[in-house]
file structure_38.tsv (TSV, C-alpha atoms)
chain	number	residue	atom	x	y	z
A	3	MET	CA	-42.00	-65.52	0.03
A	4	VAL	CA	-43.53	-62.66	1.98
A	5	THR	CA	-41.11	-63.29	4.83
A	6	SER	CA	-38.17	-63.12	2.44
A	7	LEU	CA	-39.38	-59.83	0.98
A	8	ILE	CA	-39.86	-58.37	4.45
A	9	THR	CA	-36.38	-59.50	5.42
A	10	LEU	CA	-34.93	-58.00	2.23
A	11	CYS	CA	-36.74	-54.72	2.88
A	12	ILE	CA	-35.41	-54.63	6.43
A	13	ILE	CA	-31.88	-55.23	5.16
A	14	LEU	CA	-32.26	-52.50	2.53
A	15	VAL	CA	-33.60	-50.08	5.11
A	16	CYS	CA	-30.67	-50.88	7.40
A	17	LEU	CA	-28.24	-50.38	4.55
A	18	LEU	CA	-29.93	-47.10	3.66
A	19	LEU	CA	-29.73	-45.92	7.26
A	20	LEU	CA	-26.08	-46.96	7.38
A	21	CYS	CA	-25.37	-44.99	4.19
A	22	LEU	CA	-27.20	-41.97	5.55
A	23	TRP	CA	-25.22	-42.19	8.78
A	24	LYS	CA	-22.02	-42.48	6.74
A	25	ILE	CA	-22.91	-39.46	4.64
A	26	ILE	CA	-23.83	-37.41	7.71
A	27	SER	CA	-20.61	-38.49	9.39
A	28	MET	CA	-18.54	-37.53	6.35
A	29	ARG	CA	-20.28	-34.15	6.09
A	30	GLN	CA	-19.62	-33.50	9.76
A	31	ALA	CA	-15.97	-34.55	9.33
A	32	ALA	CA	-15.61	-32.20	6.36
A	33	GLU	CA	-17.12	-29.36	8.37
A	34	ASP	CA	-14.78	-30.11	11.31
A	35	LEU	CA	-11.84	-30.17	8.92
A	36	ARG	CA	-12.86	-26.82	7.39
A	37	ARG	CA	-13.27	-25.26	10.82
A	38	GLU	CA	-9.96	-26.62	12.10
A	39	PHE	CA	-8.16	-25.40	8.96
A	40	ALA	CA	-9.61	-21.89	9.31
A	41	GLU	CA	-8.70	-21.80	13.00
A	42	ARG	CA	-5.09	-22.82	12.31
A	43	LEU	CA	-4.74	-20.10	9.67
A	44	ARG	CA	-6.29	-17.49	11.95
A	45	GLU	CA	-4.32	-18.30	15.10
A	46	ASP	CA	-0.99	-19.17	13.42
A	47	THR	CA	-0.45	-22.05	15.86
A	48	ASN	CA	1.65	-25.20	15.66
A	49	VAL	CA	-1.14	-27.37	17.10
A	50	ALA	CA	-1.92	-30.20	14.68
A	51	ILE	CA	-5.33	-30.60	13.08
A	52	ASP	CA	-7.31	-33.26	14.94
A	53	ILE	CA	-10.85	-34.23	14.00
A	54	PRO	CA	-13.07	-36.85	15.72
A	55	CYS	CA	-13.52	-39.05	12.68
A	56	SER	CA	-12.75	-42.75	12.24
A	57	GLU	CA	-12.70	-42.59	8.44
A	58	LYS	CA	-9.11	-43.28	7.34
A	59	LYS	CA	-9.35	-41.22	4.16
A	60	ILE	CA	-10.58	-38.14	6.02
A	61	ARG	CA	-7.88	-38.50	8.68
A	62	ALA	CA	-5.26	-38.94	5.95
A	63	LEU	CA	-6.53	-35.75	4.29
A	64	ALA	CA	-6.32	-33.92	7.62
A	65	ALA	CA	-2.74	-35.14	8.08
A	66	ASP	CA	-1.76	-33.95	4.60
A	67	ILE	CA	-3.34	-30.54	5.18
A	68	ASP	CA	-1.53	-30.31	8.50
A	69	ARG	CA	1.82	-31.02	6.84
A	70	GLN	CA	1.18	-28.38	4.19
A	71	LEU	CA	0.18	-25.89	6.88
A	72	LYS	CA	3.48	-26.44	8.66
A	73	LEU	CA	5.39	-25.85	5.43
A	74	LEU	CA	3.32	-22.73	4.74
A	75	ARG	CA	3.99	-21.47	8.27
A	76	LYS	CA	7.74	-21.93	7.82
A	77	GLU	CA	7.65	-20.01	4.53
A	78	HIS	CA	5.56	-17.28	6.16
A	79	ILE	CA	8.06	-16.92	9.02
A	80	ARG	CA	10.94	-16.79	6.55
A	81	PHE	CA	9.12	-14.13	4.53
A	82	ILE	CA	8.43	-12.02	7.63
A	83	ARG	CA	12.07	-12.21	8.69
A	84	GLY	CA	13.29	-11.40	5.20
A	85	ASP	CA	10.88	-8.50	4.87
A	86	ARG	CA	12.03	-7.12	8.22
A	87	GLU	CA	15.68	-7.43	7.19
A	88	VAL	CA	15.03	-5.62	3.90
A	89	LYS	CA	13.22	-2.79	5.71
A	90	GLU	CA	16.05	-2.47	8.22
A	91	ALA	CA	18.61	-2.50	5.40
A	92	ILE	CA	16.75	0.28	3.55
A	93	THR	CA	16.58	2.34	6.74
A	94	ASN	CA	20.28	1.84	7.51
A	95	ILE	CA	21.44	2.53	3.94
A	96	SER	CA	19.33	5.65	3.58
A	97	HIS	CA	20.55	6.87	6.98
A	98	ASP	CA	24.17	6.17	6.06
A	99	LEU	CA	23.77	8.09	2.81
A	100	ARG	CA	22.37	11.16	4.55
A	101	THR	CA	25.49	11.69	6.67
A	102	PRO	CA	28.11	11.99	3.87
A	103	LEU	CA	25.71	13.99	1.71
A	104	THR	CA	25.23	16.51	4.51
A	105	ALA	CA	29.00	16.77	4.92
A	106	ILE	CA	29.45	17.24	1.15
A	107	CYS	CA	26.85	20.02	1.16
A	108	GLY	CA	28.77	21.75	3.94
A	109	TYR	CA	32.05	21.63	2.04
A	110	MET	CA	30.30	22.81	-1.13
A	111	ASP	CA	28.99	25.83	0.78
A	112	LEU	CA	32.53	26.62	1.94
A	113	LEU	CA	33.87	26.19	-1.58
A	114	SER	CA	31.24	28.51	-3.03
A	115	GLN	CA	32.51	31.29	-0.75
A	116	GLU	CA	35.96	31.13	-2.32
A	117	ASP	CA	37.10	33.44	-5.10
A	118	LEU	CA	36.74	31.09	-8.07
A	119	PRO	CA	36.73	31.62	-11.83
A	120	GLU	CA	33.34	31.93	-13.50
A	121	LEU	CA	33.67	28.54	-15.20
A	122	SER	CA	34.48	26.87	-11.87
A	123	LEU	CA	31.45	28.55	-10.29
A	124	LYS	CA	29.29	27.25	-13.13
A	125	TYR	CA	30.48	23.70	-12.54
A	126	LEU	CA	30.05	24.20	-8.80
A	127	ARG	CA	26.40	25.21	-9.22
A	128	ILE	CA	25.77	22.11	-11.35
A	129	ILE	CA	27.37	19.92	-8.69
A	130	GLU	CA	25.34	21.60	-5.94
A	131	ASN	CA	22.15	21.00	-7.90
A	132	ARG	CA	22.95	17.30	-8.37
A	133	ILE	CA	23.92	16.91	-4.70
A	134	GLN	CA	20.68	18.56	-3.59
A	135	THR	CA	18.76	16.18	-5.83
A	136	MET	CA	20.55	13.20	-4.29
A	137	LYS	CA	19.84	14.58	-0.83
A	138	ASP	CA	16.14	14.98	-1.59
A	139	LEU	CA	15.88	11.47	-3.02
A	140	THR	CA	17.73	9.99	-0.04
A	141	GLU	CA	15.44	11.85	2.35
A	142	GLU	CA	12.38	10.47	0.54
A	143	LEU	CA	13.80	6.95	0.76
A	144	PHE	CA	14.51	7.43	4.47
A	145	ARG	CA	10.95	8.62	5.15
A	146	TYR	CA	9.57	5.69	3.21
A	147	SER	CA	11.65	3.23	5.25
A	148	ILE	CA	10.43	4.82	8.48
A	149	ILE	CA	6.80	4.41	7.38
A	150	LEU	CA	7.46	0.77	6.47
A	151	SER	CA	9.19	-0.11	9.73
A	152	ASP	CA	6.86	1.66	12.16
A	153	ASN	CA	3.83	3.54	10.94
A	154	PRO	CA	3.71	6.77	13.02
A	155	TYR	CA	0.23	7.71	11.78
A	156	ASN	CA	-1.97	5.42	13.88
A	157	ILE	CA	-3.78	8.07	15.94
A	158	ARG	CA	-6.92	9.42	14.25
A	159	GLU	CA	-9.15	12.41	14.87
A	160	ASN	CA	-11.98	14.25	13.20
A	161	VAL	CA	-10.54	16.05	10.15
A	162	CYS	CA	-12.30	18.51	7.85
A	163	LEU	CA	-11.32	17.60	4.30
A	164	ASN	CA	-12.24	21.08	3.05
A	165	SER	CA	-9.74	22.76	5.37
A	166	ALA	CA	-7.06	20.14	4.76
A	167	LEU	CA	-7.27	20.67	1.00
A	168	GLU	CA	-7.23	24.46	1.35
A	169	GLU	CA	-4.12	24.34	3.56
A	170	CYS	CA	-2.29	21.98	1.23
A	171	ILE	CA	-3.13	24.01	-1.88
A	172	ALA	CA	-1.99	27.20	-0.11
A	173	ALA	CA	1.32	25.54	0.80
A	174	TYR	CA	1.89	24.50	-2.82
A	175	TYR	CA	0.48	27.60	-4.50
A	176	GLY	CA	3.94	29.12	-4.98
A	177	ALA	CA	5.18	25.91	-6.61
A	178	PHE	CA	2.15	25.88	-8.91
A	179	LYS	CA	2.76	29.47	-9.97
A	180	ALA	CA	6.48	28.81	-10.52
A	181	SER	CA	5.53	25.94	-12.86
A	182	GLY	CA	2.99	28.09	-14.71
A	183	ILE	CA	0.03	26.09	-13.39
A	184	GLU	CA	-3.20	27.80	-12.35
A	185	PRO	CA	-5.12	25.45	-10.03
A	186	ASP	CA	-8.90	25.26	-10.34
A	187	ILE	CA	-10.39	24.36	-6.94
A	188	GLN	CA	-14.00	23.36	-6.30
A	189	LEU	CA	-14.96	22.67	-2.67
A	190	PRO	CA	-18.45	22.33	-1.16
A	191	LEU	CA	-19.65	24.92	1.34
A	192	ALA	CA	-20.70	22.27	3.86
A	193	PRO	CA	-17.80	20.71	5.78
A	194	VAL	CA	-16.91	17.13	4.85
A	195	CYS	CA	-15.31	15.39	7.82
A	196	ARG	CA	-13.63	12.05	8.26
A	197	LYS	CA	-11.85	10.22	11.08
A	198	LEU	CA	-8.23	10.36	9.89
A	199	ASN	CA	-4.70	11.09	10.96
A	200	PRO	CA	-4.02	14.75	9.99
A	201	GLN	CA	-0.30	14.18	9.35
A	202	ALA	CA	-0.95	11.14	7.17
A	203	LEU	CA	-3.63	13.01	5.18
A	204	SER	CA	-1.28	15.96	4.70
A	205	ARG	CA	1.42	13.61	3.45
A	206	ILE	CA	-0.99	11.97	1.00
A	207	LEU	CA	-2.18	15.29	-0.41
A	208	SER	CA	1.36	16.67	-0.61
A	209	ASN	CA	2.61	13.67	-2.56
A	210	ILE	CA	-0.29	13.87	-5.01
A	211	LEU	CA	0.20	17.62	-5.55
A	212	SER	CA	3.96	17.16	-5.99
A	213	ASN	CA	3.25	14.57	-8.65
A	214	ALA	CA	0.83	16.94	-10.40
A	215	ILE	CA	3.41	19.75	-10.46
A	216	LYS	CA	6.01	17.47	-12.04
A	217	TYR	CA	3.81	16.06	-14.79
A	218	SER	CA	1.03	18.60	-15.43
A	219	SER	CA	0.86	20.31	-18.81
A	220	GLY	CA	-0.25	23.63	-17.26
A	221	VAL	CA	-3.70	22.99	-15.80
A	222	PHE	CA	-4.70	21.44	-12.49
A	223	PHE	CA	-8.23	20.73	-11.26
A	224	LEU	CA	-9.19	19.66	-7.74
A	225	SER	CA	-12.68	18.88	-6.48
A	226	LEU	CA	-14.25	17.60	-3.28
A	227	SER	CA	-17.70	15.99	-3.40
A	228	PRO	CA	-20.13	16.01	-0.47
A	229	ASP	CA	-19.70	12.22	-0.23
A	230	GLY	CA	-15.98	12.73	0.50
A	231	THR	CA	-14.60	11.86	-2.94
A	232	ILE	CA	-11.54	13.93	-3.85
A	233	ARG	CA	-10.48	14.14	-7.50
A	234	PHE	CA	-7.24	15.52	-8.84
A	235	LYS	CA	-7.08	16.11	-12.62
A	236	ASN	CA	-4.23	17.40	-14.72
A	237	PRO	CA	-3.48	17.11	-18.45
A	238	SER	CA	-0.32	15.15	-19.17
A	239	ASP	CA	1.16	14.29	-22.53
A	240	THR	CA	3.79	11.98	-21.02
A	241	LEU	CA	1.39	9.31	-19.74
A	242	ASP	CA	-0.72	6.50	-21.11
A	243	LYS	CA	-3.04	3.92	-19.55
A	244	ILE	CA	-0.27	1.36	-19.08
A	245	GLN	CA	1.97	3.82	-17.24
A	246	THR	CA	-0.97	5.05	-15.18
A	247	ALA	CA	-1.63	1.51	-13.97
A	248	HIS	CA	1.89	1.47	-12.44
A	249	LEU	CA	1.87	4.93	-10.83
A	250	PHE	CA	1.38	3.51	-7.32
A	251	ASP	CA	4.14	0.91	-7.70
A	252	ARG	CA	7.22	1.43	-5.57
A	253	PHE	CA	10.19	3.00	-7.38
A	254	TYR	CA	8.22	3.40	-10.62
A	255	THR	CA	8.89	6.67	-12.44
A	256	VAL	CA	7.36	7.84	-15.71
A	257	ASP	CA	10.48	9.79	-16.68
A	258	ASN	CA	13.80	8.91	-15.05
A	259	ARG	CA	15.08	12.38	-15.88
A	260	LYS	CA	12.66	13.85	-13.35
A	261	ASN	CA	13.84	14.30	-9.77
A	262	ALA	CA	11.68	11.49	-8.45
A	263	THR	CA	12.15	8.28	-6.49
A	264	GLY	CA	8.87	6.70	-7.55
A	265	LEU	CA	7.92	6.55	-3.86
A	266	GLY	CA	5.57	9.53	-3.50
A	267	LEU	CA	2.40	7.90	-4.82
A	268	ALA	CA	3.39	4.52	-3.33
A	269	ILE	CA	3.52	6.19	0.09
A	270	ALA	CA	0.19	7.91	-0.62
A	271	ARG	CA	-1.45	4.57	-1.41
A	272	MET	CA	0.04	2.87	1.65
A	273	LEU	CA	-1.14	5.61	4.03
A	274	THR	CA	-4.56	5.75	2.35
A	275	GLU	CA	-5.11	2.02	2.73
A	276	ASP	CA	-3.87	2.14	6.35
A	277	MET	CA	-6.77	4.52	7.03
A	278	ASP	CA	-9.24	2.23	5.20
A	279	GLY	CA	-9.42	4.54	2.19
A	280	LYS	CA	-9.09	3.98	-1.54
A	281	ILE	CA	-6.88	5.71	-4.08
A	282	GLU	CA	-7.09	5.06	-7.82
A	283	ALA	CA	-5.58	6.51	-10.97
A	284	ASP	CA	-7.06	6.65	-14.46
A	285	TYR	CA	-6.04	8.23	-17.75
A	286	GLU	CA	-8.73	9.61	-20.06
A	287	ASN	CA	-8.45	12.11	-22.92
A	288	ASN	CA	-4.79	12.85	-22.12
A	289	THR	CA	-5.78	13.67	-18.54
A	290	LEU	CA	-4.53	11.98	-15.39
A	291	ILE	CA	-7.32	11.50	-12.83
A	292	ILE	CA	-6.46	10.48	-9.27
A	293	THR	CA	-9.44	9.67	-7.06
A	294	LEU	CA	-9.10	9.64	-3.28
A	295	TRP	CA	-11.84	8.46	-0.94
A	296	PHE	CA	-12.17	7.76	2.78
A	297	PRO	CA	-15.14	6.00	4.37
A	298	SER	CA	-17.54	7.78	6.67
A	299	GLU	CA	-18.25	6.39	10.13
A	300	ASP	CA	-22.00	7.01	9.73
call {"tool": "encode", "arguments": {"input": "structure_38.tsv", "output": "C-alpha cells"}}
result
Amino acid sequence: MVTSLITLCIILVCLLLLCLWKIISMRQAAEDLRREFAERLREDTNVAIDIPCSEKKIRALAADIDRQLKLLRKEHIRFIRGDREVKEAITNISHDLRTPLTAICGYMDLLSQEDLPELSLKYLRIIENRIQTMKDLTEELFRYSIILSDNPYNIRENVCLNSALEECIAAYYGAFKASGIEPDIQLPLAPVCRKLNPQALSRILSNILSNAIKYSSGVFFLSLSPDGTIRFKNPSDTLDKIQTAHLFDRFYTVDNRKNATGLGLAIARMLTEDMDGKIEADYENNTLIITLWFPSED
C-alpha cells in the first residue's frame, strides 16, 4: 500500500513537472511570438515569423499572424504609393493653375490701361479681385503641396520666441489696423528660447494671425508664458465648439464666403507637430483660444 502511494506521488510529481515545463514553454513561445511580431512591424521586412516551439497551436498562430502581416504590408505599400500619387497630383495641379492665372492677370493689367466706360471698369475691378483671390488660394495650395512632398523646415536652431512674436506682430500690424483690431500683447522680459526652425515658426505664427484677422470681432490678445506657452485669443461670433474642433482639418473653412482654403491652420498644425510641439484650439465665452507650445531641451 505504501509502495503504491509512493509510486502515485512520484507519478503526480512527474505530471506536475511536465505541466510546469509545458506552461514555461508556452510562456516562452508567447514571448518569442510577441518579440518577433514587434520586430517585423518595426523593420518592415518580408522575413517570416519563426519561433523555436514544437507546439502545433502556437506555430499555427504564428503562421496566421505572418499571413496577416503580409496582407497588412501590401496595404501599407499601396497606401504609401497612393498617398505619394495624390501629393504629386496636388503639386502638379496647383502648379498648372498658377501659369494661366498669371497670364490672365497680365492681360487684365493691359485691359485696365485701356480707355473703357465706367461700367466696364467696375466689372473689370470685380474680375481682378476674383482673379487675385483665385491666385492667392492656388498659391496656398501649392505651398501646402510642397510641404507635404518634401518638408523644407528640417534644420533647427536656437530661436527666441519673444523676438519671433514681436516680428510677426509688427509684420501684421497694418493688417490688424485695417481690420479695426487693436492687438493686446503680453510678453515676458526674460527671453524664452526653443530649438526650432525659424522659417517654420514664422509660417505657423503667420497662419494663426491671418486666421485671427479674418474671424476676430475686433479684439486680439496674445501672450507668451515663461514656460513657452503661447496663447492667441480673439472674440468670434461665427464659431462654436463643434466648428472649433475642426479648425485644424485640411480644407475646412468656417465661412466659405471668406477668402480661405482651409489650409492655413492645417499647415500650422503639421509644422508644429514636425517640431515636436502641440497646437490646440478651444472656444469659451464666444472667444477662440489657440494654444501653441514647444518643448524645451532642458
call {"tool": "closest_residue", "arguments": {"input": "structure_38.tsv", "among": "A:Asn199, A:Asn288, A:Thr293, A:Ser208", "to": "Leu226 (chain A)", "atoms": "all atoms listed in the file"}}
result
A:Thr293
call {"tool": "closest_residue", "arguments": {"input": "structure_38.tsv", "among": "A:Leu290, A:Leu126, A:Ala166, A:Ile183", "to": "Lys235 (chain A)", "atoms": "all atoms listed in the file"}}
result
A:Leu290
call {"tool": "atom_distance", "arguments": {"input": "structure_38.tsv", "atom1": "CA of Ile292 (chain A)", "atom2": "CA of Phe234 (chain A)"}}
result
5.1 Å
call {"tool": "atom_distance", "arguments": {"input": "structure_38.tsv", "atom1": "CA of Gln134 (chain A)", "atom2": "CA of Gly108 (chain A)"}}
result
11.5 Å
call {"tool": "residues_near_point", "arguments": {"input": "structure_38.tsv", "point": "(-15.2, -38.3, 4.5)", "cutoff": "8 Å", "atoms": "all atoms listed in the file", "output": "PyMOL selection string"}}
result
chain A and resi 25+27-29+31-32+57+59-60
call {"tool": "write_last_selection", "arguments": {"input": "structure_38.tsv", "atoms": "C-alpha atoms", "output": "mmCIF file, in the coordinates of the input"}}
result
data_model
loop_
_atom_site.group_PDB
_atom_site.id
_atom_site.type_symbol
_atom_site.label_atom_id
_atom_site.label_comp_id
_atom_site.auth_asym_id
_atom_site.auth_seq_id
_atom_site.Cartn_x
_atom_site.Cartn_y
_atom_site.Cartn_z
ATOM 1 C CA ILE A 25 -22.910 -39.460 4.640
ATOM 2 C CA SER A 27 -20.610 -38.490 9.390
ATOM 3 C CA MET A 28 -18.540 -37.530 6.350
ATOM 4 C CA ARG A 29 -20.280 -34.150 6.090
ATOM 5 C CA ALA A 31 -15.970 -34.550 9.330
ATOM 6 C CA ALA A 32 -15.610 -32.200 6.360
ATOM 7 C CA GLU A 57 -12.700 -42.590 8.440
ATOM 8 C CA LYS A 59 -9.350 -41.220 4.160
ATOM 9 C CA ILE A 60 -10.580 -38.140 6.020
#
call {"tool": "residues_around", "arguments": {"input": "structure_38.tsv", "residues": "Arg271 (chain A)", "least_positions_apart": "6", "cutoff": "9 Å", "atoms": "all atoms listed in the file", "output": "PyMOL selection string"}}
result
chain A and resi 206+250+279-282
call {"tool": "closest_residue", "arguments": {"input": "structure_38.tsv", "among": "A:Ala172, A:Ile291, A:Asp186, A:Pro119", "to": "Leu224 (chain A)", "atoms": "all atoms listed in the file"}}
result
A:Asp186
call {"tool": "residues_near_point", "arguments": {"input": "structure_38.tsv", "point": "(-15.8, 18.4, -7.2)", "cutoff": "10 Å", "atoms": "all atoms listed in the file", "output": "JSON, numbers by chain"}}
result
{"A": [187, 188, 189, 190, 223, 224, 225, 226, 227, 228, 230, 231, 232, 233, 234]}
call {"tool": "write_last_selection", "arguments": {"input": "structure_38.tsv", "atoms": "C-alpha atoms", "output": "short mmCIF file (atom, residue, chain, number, x, y, z; two decimals), in the coordinates of the input"}}
result
data_model
loop_
_atom_site.label_atom_id
_atom_site.label_comp_id
_atom_site.auth_asym_id
_atom_site.auth_seq_id
_atom_site.Cartn_x
_atom_site.Cartn_y
_atom_site.Cartn_z
CA ILE A 187 -10.39 24.36 -6.94
CA GLN A 188 -14.00 23.36 -6.30
CA LEU A 189 -14.96 22.67 -2.67
CA PRO A 190 -18.45 22.33 -1.16
CA PHE A 223 -8.23 20.73 -11.26
CA LEU A 224 -9.19 19.66 -7.74
CA SER A 225 -12.68 18.88 -6.48
CA LEU A 226 -14.25 17.60 -3.28
CA SER A 227 -17.70 15.99 -3.40
CA PRO A 228 -20.13 16.01 -0.47
CA GLY A 230 -15.98 12.73 0.50
CA THR A 231 -14.60 11.86 -2.94
CA ILE A 232 -11.54 13.93 -3.85
CA ARG A 233 -10.48 14.14 -7.50
CA PHE A 234 -7.24 15.52 -8.84
#
call {"tool": "atom_distance", "arguments": {"input": "structure_38.tsv", "atom1": "CA of Ser212 (chain A)", "atom2": "CA of Pro200 (chain A)"}}
result
18.0 Å
call {"tool": "build_atoms", "arguments": {"input": "structure_38.tsv", "residues": "region 13-33 of chain A", "atoms": "N, CA, C and O atoms", "output": "PDB file, in the frame of the given file"}}
result
ATOM      1  N   ILE A  13     -33.321 -55.349   5.449  1.00  0.00           N
ATOM      2  CA  ILE A  13     -31.880 -55.230   5.160  1.00  0.00           C
ATOM      3  C   ILE A  13     -31.598 -53.965   4.358  1.00  0.00           C
ATOM      4  O   ILE A  13     -30.640 -53.229   4.635  1.00  0.00           O
ATOM      5  N   LEU A  14     -32.448 -53.689   3.345  1.00  0.00           N
ATOM      6  CA  LEU A  14     -32.260 -52.500   2.530  1.00  0.00           C
ATOM      7  C   LEU A  14     -32.424 -51.216   3.338  1.00  0.00           C
ATOM      8  O   LEU A  14     -31.672 -50.249   3.157  1.00  0.00           O
ATOM      9  N   VAL A  15     -33.407 -51.253   4.240  1.00  0.00           N
ATOM     10  CA  VAL A  15     -33.600 -50.080   5.110  1.00  0.00           C
ATOM     11  C   VAL A  15     -32.388 -49.867   5.994  1.00  0.00           C
ATOM     12  O   VAL A  15     -31.917 -48.739   6.191  1.00  0.00           O
ATOM     13  N   CYS A  16     -31.862 -50.981   6.543  1.00  0.00           N
ATOM     14  CA  CYS A  16     -30.670 -50.880   7.400  1.00  0.00           C
ATOM     15  C   CYS A  16     -29.481 -50.352   6.616  1.00  0.00           C
ATOM     16  O   CYS A  16     -28.713 -49.500   7.104  1.00  0.00           O
ATOM     17  N   LEU A  17     -29.337 -50.862   5.392  1.00  0.00           N
ATOM     18  CA  LEU A  17     -28.240 -50.380   4.550  1.00  0.00           C
ATOM     19  C   LEU A  17     -28.405 -48.904   4.212  1.00  0.00           C
ATOM     20  O   LEU A  17     -27.435 -48.136   4.194  1.00  0.00           O
ATOM     21  N   LEU A  18     -29.653 -48.501   3.961  1.00  0.00           N
ATOM     22  CA  LEU A  18     -29.930 -47.100   3.660  1.00  0.00           C
ATOM     23  C   LEU A  18     -29.603 -46.205   4.845  1.00  0.00           C
ATOM     24  O   LEU A  18     -28.983 -45.148   4.702  1.00  0.00           O
ATOM     25  N   LEU A  19     -30.033 -46.688   6.041  1.00  0.00           N
ATOM     26  CA  LEU A  19     -29.730 -45.920   7.260  1.00  0.00           C
ATOM     27  C   LEU A  19     -28.225 -45.834   7.489  1.00  0.00           C
ATOM     28  O   LEU A  19     -27.701 -44.798   7.916  1.00  0.00           O
ATOM     29  N   LEU A  20     -27.538 -46.946   7.212  1.00  0.00           N
ATOM     30  CA  LEU A  20     -26.080 -46.960   7.380  1.00  0.00           C
ATOM     31  C   LEU A  20     -25.424 -45.968   6.413  1.00  0.00           C
ATOM     32  O   LEU A  20     -24.495 -45.235   6.793  1.00  0.00           O
ATOM     33  N   CYS A  21     -25.910 -45.935   5.173  1.00  0.00           N
ATOM     34  CA  CYS A  21     -25.370 -44.990   4.190  1.00  0.00           C
ATOM     35  C   CYS A  21     -25.646 -43.551   4.591  1.00  0.00           C
ATOM     36  O   CYS A  21     -24.780 -42.674   4.465  1.00  0.00           O
ATOM     37  N   LEU A  22     -26.873 -43.322   5.095  1.00  0.00           N
ATOM     38  CA  LEU A  22     -27.200 -41.970   5.550  1.00  0.00           C
ATOM     39  C   LEU A  22     -26.310 -41.548   6.705  1.00  0.00           C
ATOM     40  O   LEU A  22     -25.827 -40.409   6.764  1.00  0.00           O
ATOM     41  N   TRP A  23     -26.114 -42.496   7.641  1.00  0.00           N
ATOM     42  CA  TRP A  23     -25.220 -42.190   8.780  1.00  0.00           C
ATOM     43  C   TRP A  23     -23.799 -41.903   8.293  1.00  0.00           C
ATOM     44  O   TRP A  23     -23.124 -40.996   8.788  1.00  0.00           O
ATOM     45  N   LYS A  24     -23.354 -42.674   7.288  1.00  0.00           N
ATOM     46  CA  LYS A  24     -22.020 -42.480   6.740  1.00  0.00           C
ATOM     47  C   LYS A  24     -21.897 -41.115   6.078  1.00  0.00           C
ATOM     48  O   LYS A  24     -20.894 -40.399   6.259  1.00  0.00           O
ATOM     49  N   ILE A  25     -22.926 -40.753   5.324  1.00  0.00           N
ATOM     50  CA  ILE A  25     -22.910 -39.460   4.640  1.00  0.00           C
ATOM     51  C   ILE A  25     -22.908 -38.312   5.648  1.00  0.00           C
ATOM     52  O   ILE A  25     -22.144 -37.343   5.525  1.00  0.00           O
ATOM     53  N   ILE A  26     -23.774 -38.451   6.671  1.00  0.00           N
ATOM     54  CA  ILE A  26     -23.830 -37.410   7.710  1.00  0.00           C
ATOM     55  C   ILE A  26     -22.497 -37.309   8.436  1.00  0.00           C
ATOM     56  O   ILE A  26     -21.998 -36.212   8.717  1.00  0.00           O
ATOM     57  N   SER A  27     -21.903 -38.468   8.714  1.00  0.00           N
ATOM     58  CA  SER A  27     -20.610 -38.490   9.390  1.00  0.00           C
ATOM     59  C   SER A  27     -19.525 -37.830   8.549  1.00  0.00           C
ATOM     60  O   SER A  27     -18.699 -37.072   9.059  1.00  0.00           O
ATOM     61  N   MET A  28     -19.536 -38.128   7.243  1.00  0.00           N
ATOM     62  CA  MET A  28     -18.540 -37.530   6.350  1.00  0.00           C
ATOM     63  C   MET A  28     -18.739 -36.018   6.236  1.00  0.00           C
ATOM     64  O   MET A  28     -17.767 -35.256   6.224  1.00  0.00           O
ATOM     65  N   ARG A  29     -19.989 -35.595   6.157  1.00  0.00           N
ATOM     66  CA  ARG A  29     -20.280 -34.150   6.090  1.00  0.00           C
ATOM     67  C   ARG A  29     -19.798 -33.448   7.351  1.00  0.00           C
ATOM     68  O   ARG A  29     -19.220 -32.366   7.294  1.00  0.00           O
ATOM     69  N   GLN A  30     -20.052 -34.090   8.497  1.00  0.00           N
ATOM     70  CA  GLN A  30     -19.620 -33.500   9.760  1.00  0.00           C
ATOM     71  C   GLN A  30     -18.088 -33.442   9.828  1.00  0.00           C
ATOM     72  O   GLN A  30     -17.502 -32.463  10.297  1.00  0.00           O
ATOM     73  N   ALA A  31     -17.432 -34.526   9.337  1.00  0.00           N
ATOM     74  CA  ALA A  31     -15.970 -34.550   9.330  1.00  0.00           C
ATOM     75  C   ALA A  31     -15.403 -33.460   8.422  1.00  0.00           C
ATOM     76  O   ALA A  31     -14.408 -32.799   8.757  1.00  0.00           O
ATOM     77  N   ALA A  32     -16.055 -33.255   7.266  1.00  0.00           N
ATOM     78  CA  ALA A  32     -15.610 -32.200   6.360  1.00  0.00           C
ATOM     79  C   ALA A  32     -15.777 -30.818   6.979  1.00  0.00           C
ATOM     80  O   ALA A  32     -14.909 -29.953   6.843  1.00  0.00           O
ATOM     81  N   GLU A  33     -16.897 -30.632   7.691  1.00  0.00           N
ATOM     82  CA  GLU A  33     -17.120 -29.360   8.370  1.00  0.00           C
ATOM     83  C   GLU A  33     -16.102 -29.148   9.485  1.00  0.00           C
ATOM     84  O   GLU A  33     -15.567 -28.037   9.655  1.00  0.00           O
TER      85      GLU A  33
END
